[in-house]
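> The structure file work.txt (compact mmCIF, C-alpha atoms and all ligand atoms) is provided below.
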# COMPACT_ATOMS: atom_id res chain seq x y z
CA MET A 1 24.03 6.83 30.13
CA LYS A 2 20.61 7.96 31.40
CA GLU A 3 17.56 5.93 30.36
CA LYS A 4 16.06 8.98 28.67
CA GLU A 5 19.16 9.45 26.51
CA VAL A 6 19.20 5.78 25.53
CA ILE A 7 15.57 6.00 24.41
CA HIS A 8 16.33 9.17 22.49
CA GLU A 9 19.21 7.50 20.60
CA ILE A 10 17.01 4.52 19.72
CA GLU A 11 14.23 6.82 18.57
CA LYS A 12 16.67 8.60 16.23
CA TYR A 13 17.93 5.26 14.84
CA ILE A 14 14.40 3.94 14.18
CA THR A 15 13.09 7.19 12.71
CA LYS A 16 15.86 7.05 10.12
CA LYS A 17 15.31 3.35 9.34
CA PHE A 18 11.55 3.60 8.77
CA ALA A 19 11.43 7.00 7.10
CA PHE A 20 10.24 5.68 3.73
CA ASP A 21 7.79 2.91 4.61
CA THR A 22 4.37 3.02 2.94
CA THR A 23 2.86 -0.20 4.32
CA GLY A 24 1.66 1.10 7.70
CA HIS A 25 4.96 0.22 9.38
CA ASN A 26 6.47 3.70 9.38
CA ALA A 27 8.28 5.47 12.22
CA GLU A 28 4.95 6.74 13.61
CA HIS A 29 3.83 3.13 14.08
CA MET A 30 7.04 2.45 16.05
CA TYR A 31 6.42 5.61 18.11
CA ARG A 32 2.83 4.61 18.96
CA VAL A 33 3.82 1.04 19.81
CA ALA A 34 6.68 2.25 22.03
CA LYS A 35 4.34 4.61 23.92
CA MET A 36 1.64 1.95 24.25
CA VAL A 37 4.19 -0.61 25.43
CA LYS A 38 5.41 1.79 28.10
CA PHE A 39 1.84 2.42 29.23
CA LEU A 40 1.06 -1.32 29.41
CA ALA A 41 4.36 -2.03 31.19
CA ILE A 42 3.53 0.46 33.94
CA HIS A 43 0.04 -1.01 34.43
CA GLU A 44 1.30 -4.58 34.20
CA GLU A 45 4.24 -3.92 36.54
CA SER A 46 6.83 -4.96 33.99
CA ASP A 47 10.26 -3.44 33.25
CA HIS A 48 9.20 -0.30 31.38
CA PHE A 49 12.69 0.56 30.10
CA VAL A 50 13.25 -2.82 28.42
CA CYS A 51 9.63 -2.79 27.24
CA GLU A 52 9.84 0.66 25.67
CA ILE A 53 13.04 -0.19 23.78
CA SER A 54 11.47 -3.44 22.54
CA GLY A 55 8.49 -1.41 21.32
CA TRP A 56 10.71 0.91 19.32
CA VAL A 57 12.68 -1.90 17.65
CA HIS A 58 9.91 -4.51 17.34
CA ASP A 59 9.65 -4.48 13.50
CA LEU A 60 13.35 -4.01 12.77
CA ILE A 61 14.13 -7.67 12.00
CA ASP A 62 10.86 -8.60 10.25
CA GLU A 63 11.62 -10.39 6.94
CA LYS A 64 8.70 -8.57 5.37
CA LEU A 65 10.27 -5.18 6.05
CA THR A 66 13.95 -5.86 5.46
CA ASP A 67 15.76 -7.93 2.84
CA ASN A 68 18.48 -8.75 5.35
CA PRO A 69 17.21 -9.52 8.89
CA GLU A 70 20.59 -10.91 9.93
CA ARG A 71 22.32 -7.61 9.14
CA GLU A 72 19.58 -5.69 11.00
CA LYS A 73 20.09 -7.96 14.02
CA GLN A 74 23.84 -7.32 14.05
CA GLN A 75 23.39 -3.56 13.69
CA MET A 76 20.81 -3.49 16.44
CA LEU A 77 23.06 -5.53 18.73
CA GLN A 78 25.91 -3.07 18.13
CA LEU A 79 23.65 -0.13 18.91
CA LEU A 80 22.36 -1.66 22.15
CA GLN A 81 25.91 -2.49 23.23
CA LYS A 82 27.10 1.01 22.38
CA LEU A 83 24.27 2.37 24.53
CA GLN A 84 25.63 0.22 27.40
CA LEU A 85 22.64 -2.02 27.91
CA SER A 86 23.36 -5.13 29.96
CA GLN A 87 23.55 -8.58 28.37
CA GLN A 88 20.38 -9.49 30.27
CA GLN A 89 18.49 -6.48 28.88
CA ILE A 90 19.67 -7.22 25.33
CA VAL A 91 18.55 -10.85 25.56
CA ALA A 92 15.14 -9.75 26.90
CA ILE A 93 14.68 -7.33 23.98
CA PHE A 94 15.60 -9.89 21.32
CA GLU A 95 13.37 -12.52 22.91
CA ALA A 96 10.46 -10.11 22.91
CA ILE A 97 10.70 -9.02 19.30
CA ILE A 98 11.29 -12.45 17.77
CA THR A 99 7.75 -13.47 18.70
CA VAL A 100 5.92 -10.24 17.89
CA SER A 101 4.45 -10.85 14.42
CA PHE A 102 0.76 -11.70 14.36
CA ARG A 103 1.05 -12.87 10.79
CA LYS A 104 3.25 -15.74 11.92
CA GLN A 105 1.05 -16.50 14.94
CA LYS A 106 3.95 -16.96 17.35
CA THR A 107 3.30 -16.93 21.08
CA PRO A 108 5.59 -14.79 23.21
CA THR A 109 7.49 -16.64 25.90
CA THR A 110 8.08 -13.66 28.19
CA LYS A 111 5.97 -10.91 29.77
CA VAL A 112 7.87 -8.26 27.78
CA GLY A 113 7.10 -10.20 24.60
CA GLN A 114 3.41 -10.37 25.51
CA ILE A 115 3.27 -6.65 26.14
CA VAL A 116 4.98 -5.81 22.84
CA GLN A 117 2.67 -8.14 20.91
CA ASP A 118 -0.38 -6.64 22.63
CA ALA A 119 0.73 -3.09 21.80
CA ASP A 120 1.45 -4.00 18.17
CA ARG A 121 -2.00 -5.56 17.84
CA LEU A 122 -3.72 -2.60 19.48
CA ASP A 123 -2.25 -0.44 16.73
CA ALA A 124 -4.09 -2.61 14.18
CA LEU A 125 -7.44 -1.82 15.89
CA GLY A 126 -9.49 1.35 16.33
CA ALA A 127 -9.42 4.37 14.02
CA ILE A 128 -5.68 4.11 13.49
CA GLY A 129 -5.94 0.39 12.76
CA ILE A 130 -8.56 1.14 10.10
CA ALA A 131 -6.36 3.82 8.54
CA ARG A 132 -3.38 1.45 8.53
CA ALA A 133 -5.34 -1.41 6.99
CA PHE A 134 -6.46 0.69 4.01
CA SER A 135 -3.02 2.18 3.64
CA TYR A 136 -1.50 -1.32 3.59
CA GLY A 137 -4.19 -2.57 1.19
CA GLY A 138 -3.49 0.37 -1.12
CA SER A 139 0.22 -0.36 -1.11
CA LYS A 140 -0.61 -3.91 -2.31
CA HIS A 141 -3.13 -2.61 -4.89
CA ARG A 142 -6.00 -4.32 -3.08
CA PRO A 143 -9.59 -3.14 -3.52
CA ILE A 144 -11.38 -1.52 -0.58
CA TYR A 145 -14.33 -3.90 -0.86
CA LYS A 146 -16.11 -6.03 -3.45
CA GLY A 147 -19.51 -6.58 -1.90
CA GLU A 148 -20.86 -9.49 0.11
CA GLU A 149 -21.71 -11.54 -2.93
CA ARG A 150 -18.04 -11.92 -3.98
CA THR A 151 -16.10 -14.98 -2.83
CA ASP A 152 -12.26 -15.33 -2.71
CA ASP A 153 -12.25 -11.71 -1.76
CA GLN A 154 -8.82 -10.07 -1.35
CA SER A 155 -10.26 -6.76 -0.23
CA THR A 156 -9.19 -4.80 2.82
CA VAL A 157 -12.69 -5.04 4.31
CA GLN A 158 -12.28 -8.84 4.12
CA HIS A 159 -9.05 -8.47 6.10
CA PHE A 160 -11.15 -7.10 8.99
CA TYR A 161 -13.04 -10.41 9.17
CA ASP A 162 -9.99 -12.59 8.51
CA LYS A 163 -7.73 -10.96 11.04
CA LEU A 164 -8.55 -7.69 12.74
CA LEU A 165 -11.77 -8.83 14.42
CA GLN A 166 -9.95 -11.85 15.93
CA LEU A 167 -7.26 -9.78 17.62
CA LYS A 168 -9.31 -8.84 20.70
CA GLU A 169 -9.42 -12.50 21.76
CA GLN A 170 -5.68 -12.86 21.35
CA MET A 171 -4.56 -10.17 23.79
CA HIS A 172 -2.40 -11.40 26.67
CA THR A 173 -2.54 -8.69 29.32
CA THR A 174 -5.60 -7.48 31.22
CA THR A 175 -4.84 -3.85 30.42
CA ALA A 176 -4.60 -4.48 26.67
CA LYS A 177 -7.82 -6.52 26.72
CA LYS A 178 -9.71 -3.53 28.10
CA ILE A 179 -8.30 -1.14 25.48
CA ALA A 180 -8.91 -3.73 22.74
CA ASN A 181 -12.62 -4.00 23.65
CA ASP A 182 -13.18 -0.35 22.86
CA ARG A 183 -11.15 -0.40 19.61
CA HIS A 184 -12.83 -3.63 18.52
CA GLU A 185 -16.28 -2.08 18.95
CA PHE A 186 -15.15 0.82 16.79
CA LEU A 187 -14.32 -1.60 13.95
CA HIS A 188 -17.89 -2.94 14.14
CA THR A 189 -19.31 0.58 14.08
CA PHE A 190 -17.17 1.37 11.06
CA LEU A 191 -18.17 -1.80 9.17
CA GLU A 192 -21.84 -1.22 9.89
CA GLN A 193 -21.77 2.33 8.51
CA PHE A 194 -19.59 1.21 5.58
CA LYS A 195 -22.12 -1.43 4.53
CA ARG A 196 -25.02 1.00 4.91
CA GLU A 197 -23.32 3.38 2.52
CA TRP A 198 -22.23 0.60 0.15
CA TYR A 199 -25.76 -0.79 -0.15
CA PHE A 200 -27.35 2.66 -0.19
CA LEU A 201 -29.58 1.98 2.80
CA ASP A 202 -29.90 5.39 4.48
CA GLU A 203 -29.93 7.98 1.74
CA GLY A 204 -33.73 8.02 1.47
CA ASN A 205 -33.91 9.27 5.05
CA PHE A 206 -32.15 12.52 4.19
CA VAL A 207 -34.36 13.86 1.40
P1 LIG B 1 2.89 -8.23 11.43
O1 LIG B 1 3.89 -7.14 11.12
O2 LIG B 1 2.62 -8.37 12.89
O3 LIG B 1 3.13 -9.50 10.71
P2 LIG B 1 1.05 -7.46 9.46
O4 LIG B 1 2.13 -6.93 8.60
O5 LIG B 1 0.29 -8.65 9.02
O6 LIG B 1 1.53 -7.70 10.92
O7 LIG B 1 0.05 -6.30 9.73
C1 LIG B 1 0.49 -5.04 10.10
C2 LIG B 1 -0.52 -4.01 9.63
O8 LIG B 1 -0.79 -4.19 8.25
C3 LIG B 1 -1.85 -4.12 10.34
O9 LIG B 1 -2.36 -2.83 10.61
C4 LIG B 1 -2.72 -4.86 9.37
O10 LIG B 1 -4.07 -4.55 9.46
C5 LIG B 1 -2.17 -4.43 8.05
N1 LIG B 1 -2.38 -5.53 7.09
C6 LIG B 1 -1.73 -6.70 7.02
N2 LIG B 1 -2.23 -7.49 6.03
C7 LIG B 1 -3.24 -6.77 5.46
C8 LIG B 1 -4.17 -7.01 4.40
N3 LIG B 1 -4.18 -8.15 3.71
N4 LIG B 1 -5.05 -6.03 4.12
C9 LIG B 1 -5.07 -4.86 4.80
N5 LIG B 1 -4.23 -4.59 5.81
C10 LIG B 1 -3.33 -5.52 6.15
NI NI B 2 4.46 -3.50 14.24
Have the structure of the file written as structure tokens, please.


Amino acid sequence: MKEKEVIHEIEKYITKKFAFDTTGHNAEHMYRVAKMVKFLAIHEESDHFVCEISGWVHDLIDEKLTDNPEREKQQMLQLLQKLQLSQQQIVAIFEAIITVSFRKQKTPTTKVGQIVQDADRLDALGAIGIARAFSYGGSKHRPIYKGEERTDDQSTVQHFYDKLLQLKEQMHTTTAKKIANDRHEFLHTFLEQFKREWYFLDEGNFV
């Protein structure tokens, strides 16, 4: 089977699995991560075929997204075997995706794992990262913001400070670090404007 056909089959499988997600982990997230992973793999001289597949399947066995990770693992194994991937490739893919979650703060043990984790984190930054954060917050009925004076704040803006703004420092590959810098700056720009609007600081300048 040609590499292109394998990728196409995996894309079809994932698109079906994540069709109904509303927490920012939909099929488009998998698509963006797969593309970013491929890009990083080429620049980091890593196996782009194994990387791209790992990108597509990276959230498949996450306990947060499935009630039965074991069943997902078995199904994924069957798919990869049917697509005639080697044992070595299959092991590399599983190793990479077991360590991907940034919620659990695991450190990838392989280069493929590092690349997948970097790509997943890049998708939590920049304009798309902002959109995903508010979409996730909405799905959990969280407020957008509560103002600086509020403590024990569960808002999505607070999530920027708790997690998103730390991600830049946690990138593994040089290529991802460079992309992260730009997306990180965009979060700051967004937060600055957000606060100016929230505290009504600029309106006087327009009348
Ligand atoms: P992982 O799947 O790596 O564990 P998460 O599920 O924690 O990652 O995060 C995936 C996406 O959901 C990110 O875009 C992140 O910003 C968003 N997200 C996670 N937790 C929150 C939260 N408390 N508020 C807003 N967005 C969140
Ligand atoms: Ni993900």

> Please identify the residues whose atoms come within 7 Å of ligand LIG 1 (chain B), using all atoms listed in the file, and report them as a short mmCIF file (atom, residue, chain, number, x, y, z; two decimals) with C-alpha atoms, in the frame of the given file.


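Output file out.cif follows:
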data_model
loop_
_atom_site.label_atom_id
_atom_site.label_comp_id
_atom_site.auth_asym_id
_atom_site.auth_seq_id
_atom_site.Cartn_x
_atom_site.Cartn_y
_atom_site.Cartn_z
CA THR A 23 2.86 -0.20 4.32
CA GLY A 24 1.66 1.10 7.70
CA HIS A 25 4.96 0.22 9.38
CA ASP A 59 9.65 -4.48 13.50
CA VAL A 100 5.92 -10.24 17.89
CA SER A 101 4.45 -10.85 14.42
CA PHE A 102 0.76 -11.70 14.36
CA ARG A 103 1.05 -12.87 10.79
CA LYS A 104 3.25 -15.74 11.92
CA ASP A 120 1.45 -4.00 18.17
CA ASP A 123 -2.25 -0.44 16.73
CA ALA A 124 -4.09 -2.61 14.18
CA GLY A 129 -5.94 0.39 12.76
CA ARG A 132 -3.38 1.45 8.53
CA ALA A 133 -5.34 -1.41 6.99
CA PHE A 134 -6.46 0.69 4.01
CA TYR A 136 -1.50 -1.32 3.59
CA GLY A 137 -4.19 -2.57 1.19
CA SER A 155 -10.26 -6.76 -0.23
CA THR A 156 -9.19 -4.80 2.82
CA HIS A 159 -9.05 -8.47 6.10
CA LEU A 164 -8.55 -7.69 12.74
#

> For Glu52 of chain A, which residue among A:His8, A:Lys140, A:Lys64, A:Lys178 is the nearest when counting all atoms listed in the file?

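Smallest separation from Glu52 of chain A among the options: A:His8.
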
> Figure out the distance between atom CA of Ile130 of chain A and atom CA of Phe160 of chain A, please, to one decimal in Å.

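Computed distance, atom CA of Phe160 of chain A to atom CA of Ile130 of chain A, equals 8.7 Å.
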
> What does the distance from atom CA of Arg183 of chain A to atom CA of Asn26 of chain A come to in Å, to one decimal?

20.8 Å

> Quick one: pull the distance between atom CA of Glu149 of chain A and atom CA of Lys195 of chain A, Å, one decimal.

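Separating atom CA of Glu149 of chain A from atom CA of Lys195 of chain A is a distance of 12.6 Å.
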
> Which residues of segment 90-160 of chain A come within 12 Å of segment 199-203 of chain A, and what is each one's closest atom pair and distance in Å (one decimal), counting only C-alpha atoms, sorted by chain and residue number, as a tab-separated table?


residue	atom	partner	partner_atom	distance
A:Tyr145	CA	A:Tyr199	CA	11.9
A:Lys146	CA	A:Tyr199	CA	11.5
A:Gly147	CA	A:Tyr199	CA	8.7
A:Glu148	CA	A:Tyr199	CA	10.0
A:Glu149	CA	A:Tyr199	CA	11.8

> Could you give me the axis-aligned bounding box of segment 34-51 of chain A, with 4 Å of padding per side, as centre plus edge lengths in Å to one decimal, as AutoDock Vina command-line options?


--center_x 6.6 --center_y -0.2 --center_z 29.3 --size_x 21.2 --size_y 17.6 --size_z 22.5

> Counting only C-alpha atoms, figure out which residue out of A:His58, A:Lys106, A:Lys111, A:Arg32 gets nearest to Lys73 of chain A.

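Of A:His58, A:Lys106, A:Lys111, A:Arg32, the one nearest Lys73 of chain A is A:His58, counting only C-alpha atoms.
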
> What lies within 8 Å of Ser46 of chain A using all atoms listed in the file, ignoring chain neighbours under 3 positions off, as an MDAnalysis selection string?

chainID A and resid 41:43 51 111:112

> Which residues, written as a short mmCIF file (atom, residue, chain, number, x, y, z; two decimals) with C-alpha atoms, keeping the file's coordinate frame, have at least one atom at most 12 Å from Gln75 of chain A, with all atoms listed in the file counted and residues fewer than 2 positions away on the same chain left out?


data_model
loop_
_atom_site.label_atom_id
_atom_site.label_comp_id
_atom_site.auth_asym_id
_atom_site.auth_seq_id
_atom_site.Cartn_x
_atom_site.Cartn_y
_atom_site.Cartn_z
CA ILE A 10 17.01 4.52 19.72
CA TYR A 13 17.93 5.26 14.84
CA ILE A 14 14.40 3.94 14.18
CA LYS A 17 15.31 3.35 9.34
CA VAL A 57 12.68 -1.90 17.65
CA LEU A 60 13.35 -4.01 12.77
CA ILE A 61 14.13 -7.67 12.00
CA ASN A 68 18.48 -8.75 5.35
CA PRO A 69 17.21 -9.52 8.89
CA GLU A 70 20.59 -10.91 9.93
CA ARG A 71 22.32 -7.61 9.14
CA GLU A 72 19.58 -5.69 11.00
CA LYS A 73 20.09 -7.96 14.02
CA LEU A 77 23.06 -5.53 18.73
CA GLN A 78 25.91 -3.07 18.13
CA LEU A 79 23.65 -0.13 18.91
CA LEU A 80 22.36 -1.66 22.15
CA GLN A 81 25.91 -2.49 23.23
CA LYS A 82 27.10 1.01 22.38
#

> So, counting all atoms listed in the file, which residue among A:His172, A:Lys35, A:Lys4, A:Lys16 is closest to Gln117 of chain A?

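Looking at the shortest contact to Gln117 of chain A, the residue is A:His172.
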